[in-house]
Structure formats: structure tokens, C-alpha cells
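Contents: one structure, followed by commentary.
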Amino acid sequence: RQPSRNQITVFLSTKFFGADRFLSVTVITMNVSNELVWGLVRNNNAFLIKQGANSRIQFSSEKGNLRNVNSFRSSGIANDRAVDISANGKTGITISRKTKQVGKPAKSWSKTNAGTNPARDFRRVAKAVKASASQASNYRADLEADALARWTKVHRSLRNQQ
């Protein structure tokens, strides 16, 4: 198993000057495991959706979560490899994958425009989705079925809009 590429930045204040001002700040960046990140964001994060007070099922709306379920397997935050499929307006389709630049959140997703006409391009985009998450591409084979299911739902929503 490959080592994790998740990074956490910790700010340590070494000296205080006044009530709110720091004289010097030490910044430490360290690699942490996916399991530790999941333990930190499992119960509290900005994307968590809880239905009711005693709800057993929790949903999550983060990027990279194909099933929208709050679980380690499908989390786009905790896993350093994730796939996302989304619609670009009414006709464009974007397939995104997490890259190795974990310390730079704006650059951590690589995007591929997969099609412009969803009525015509279903099989071509499905082939691209399968290739981006499959075992042949050495990414995450367990997300292949979820990615195809997400693409089917995105395709149906785009077809209904036209």
C-alpha cells in the first residue's frame, strides 16, 4: 500500500506580543494517514448532512463523493484518490480526479471535459468514466460502478433539461 499524501499544516505560536499579536509563528507541515483525516472529519465537517436528530444515515455533499454517503470508502476529503462527475451548465460533462498536489487545494483536482451533447455521447462518456476510475488505469477500481451510476444520473438530468 502506498503511503498517504494528505498533509496537515499546524501553526505553533512560540512568542506572544500583546493580547492578539504573535512575535513569531512556526509552521509545520506533516504527512498524515487517510484514516487519521477520516477520524477528524467523520462527525463534523461543512459537507455533512444529517436528517433529523436521531438519524442513522448521514449524507455528505463534498466533491469526490460519488454516492453522497458519509463513509470512509466514498469520502472525497479523506481519500487521496477520488473521482467526481458533474454537469457543466446544461450540456457539458466534467470528470475530475484528485492529483498529487494535496498541499494546494486549488490545483488538487484535474478536470477533463468529456462531452458536450449528452444525448449523443452517452457511451463515449461512459467509456471515459470507466477508464478514469478503473483498475486498468491503476486508480481506484472500487469506484468504477459508483462512477458509472453517477454518470447515468447526470445524463438523465441533462436529458430532461433539454
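If you're wondering about the labels, chains in the C-alpha cells are A, B, ... by order shown, residues count from 1 in each chain, ligands from 1 in order shown.
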
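Look at A:Gly76: the protein and nucleic acid residues within 9 Å of it, using only C-alpha atoms and passing over chain neighbours fewer than 3 places away, are A:Glu62, A:Lys63, A:Gly64, A:Asn65, A:Leu66, A:Phe72, A:Arg73, A:Asn79, A:Asp80, A:Arg81, A:Ala82, A:Val83, A:Asp84, A:Lys98.
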
Original post:
Do you know which residues are at most 8 Å from A:Glu144 counting only C-alpha atoms, after dropping those on the same chain fewer than 4 positions away, and could you put them as number ranges by chain?
Top reply: A: 129-130, 133-134, 140, 148

So that I have them on file, write out the residues from the current selection with C-alpha atoms, as an mmCIF file, in the first residue's frame.
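Generated file (part23.cif):
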data_model
loop_
_atom_site.group_PDB
_atom_site.id
_atom_site.type_symbol
_atom_site.label_atom_id
_atom_site.label_comp_id
_atom_site.auth_asym_id
_atom_site.auth_seq_id
_atom_site.Cartn_x
_atom_site.Cartn_y
_atom_site.Cartn_z
ATOM 1 C CA VAL A 129 -15.629 7.462 -16.855
ATOM 2 C CA LYS A 130 -14.769 3.774 -16.746
ATOM 3 C CA ALA A 133 -11.642 5.050 -12.304
ATOM 4 C CA SER A 134 -10.788 1.543 -13.416
ATOM 5 C CA ARG A 140 -9.484 3.068 -7.739
ATOM 6 C CA LEU A 148 -20.950 4.804 -13.877
#

**OP:** Write out as a VMD selection string each polymer residue whose atoms come within 9 Å of A:Asn70, counting only C-alpha atoms; drop sequence neighbours fewer than 5 positions from it.
**Re:** chain A and resid 42 to 43 48 to 49 57 to 61 65 75

Can I get the selection written as a short mmCIF file (atom, residue, chain, number, x, y, z; two decimals), in the first residue's frame, with C-alpha atoms?
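Dumped everything to selection.cif:
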data_model
loop_
_atom_site.label_atom_id
_atom_site.label_comp_id
_atom_site.auth_asym_id
_atom_site.auth_seq_id
_atom_site.Cartn_x
_atom_site.Cartn_y
_atom_site.Cartn_z
CA ARG A 42 -16.14 11.93 10.21
CA ASN A 43 -18.60 13.60 12.59
CA LEU A 48 -22.21 16.71 6.37
CA ILE A 49 -26.00 16.49 6.06
CA ILE A 57 -27.89 7.64 7.80
CA GLN A 58 -25.71 10.68 7.21
CA PHE A 59 -25.18 12.18 3.78
CA SER A 60 -22.28 14.20 2.50
CA SER A 61 -22.10 16.66 -0.38
CA ASN A 65 -18.14 11.62 -3.04
CA SER A 75 -15.23 10.26 1.06
#

Original post:
Between atom CA of A:Asn45 and atom CA of A:Ser33, what is the spacing in Å?
Top reply: 17.8 Å

Subject >> Nearest-residue call for A:Leu158, choices A:Ala53, A:Leu40, A:Ile93, A:Ile77, using only C-alpha atoms >> reply: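 Looking only at the distances to A:Leu158, the closest residue turns out to be A:Ile93.
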
Original post:
DSSP says strand (DSSP E) for which residues of stretch 50-156 of chain A? Put them as a list in words?
Top reply: Lys50, Gln58, Phe59, Ser60, Val83, Asp84, Ile85, Ser86, Ala87, Asn88, Gly92, Ile93, Thr94, Ile95, Ser96, Arg97, Lys98, Trp109, Ser110, Lys111, Thr112, Asn113, Ala114 and Gly115 of chain A

**OP:** Name the closest residue to A:Asp121 among the candidates A:Phe47, A:Gly52, A:Gly92, A:Gln101; distances are taken between atoms, counting only C-alpha atoms.
**Re:**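 Looking only at the distances to A:Asp121, the closest residue turns out to be A:Gly92.
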
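By only C-alpha atoms, and with residues fewer than 3 positions from A:Thr94 along its chain excluded, the set lying at most 6 Å from it is Ile85, Ser86, Thr112, Asn113 and Ala114 of chain A.
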
Can I get the selection written as an mmCIF file, in the first residue's frame, with N, CA and C atoms?
data_model
loop_
_atom_site.group_PDB
_atom_site.id
_atom_site.type_symbol
_atom_site.label_atom_id
_atom_site.label_comp_id
_atom_site.auth_asym_id
_atom_site.auth_seq_id
_atom_site.Cartn_x
_atom_site.Cartn_y
_atom_site.Cartn_z
ATOM 1 N N ILE A 85 -17.883 13.348 -10.948
ATOM 2 C CA ILE A 85 -18.532 13.567 -12.236
ATOM 3 C C ILE A 85 -19.595 14.617 -12.030
ATOM 4 N N SER A 86 -19.548 15.672 -12.830
ATOM 5 C CA SER A 86 -20.508 16.751 -12.655
ATOM 6 C C SER A 86 -20.892 17.334 -14.009
ATOM 7 N N THR A 112 -11.331 16.932 -16.746
ATOM 8 C CA THR A 112 -11.389 16.513 -18.129
ATOM 9 C C THR A 112 -12.799 16.762 -18.644
ATOM 10 N N ASN A 113 -12.926 17.519 -19.716
ATOM 11 C CA ASN A 113 -14.236 17.714 -20.328
ATOM 12 C C ASN A 113 -14.522 16.503 -21.202
ATOM 13 N N ALA A 114 -15.605 15.795 -20.879
ATOM 14 C CA ALA A 114 -15.851 14.511 -21.515
ATOM 15 C C ALA A 114 -16.855 14.552 -22.641
#
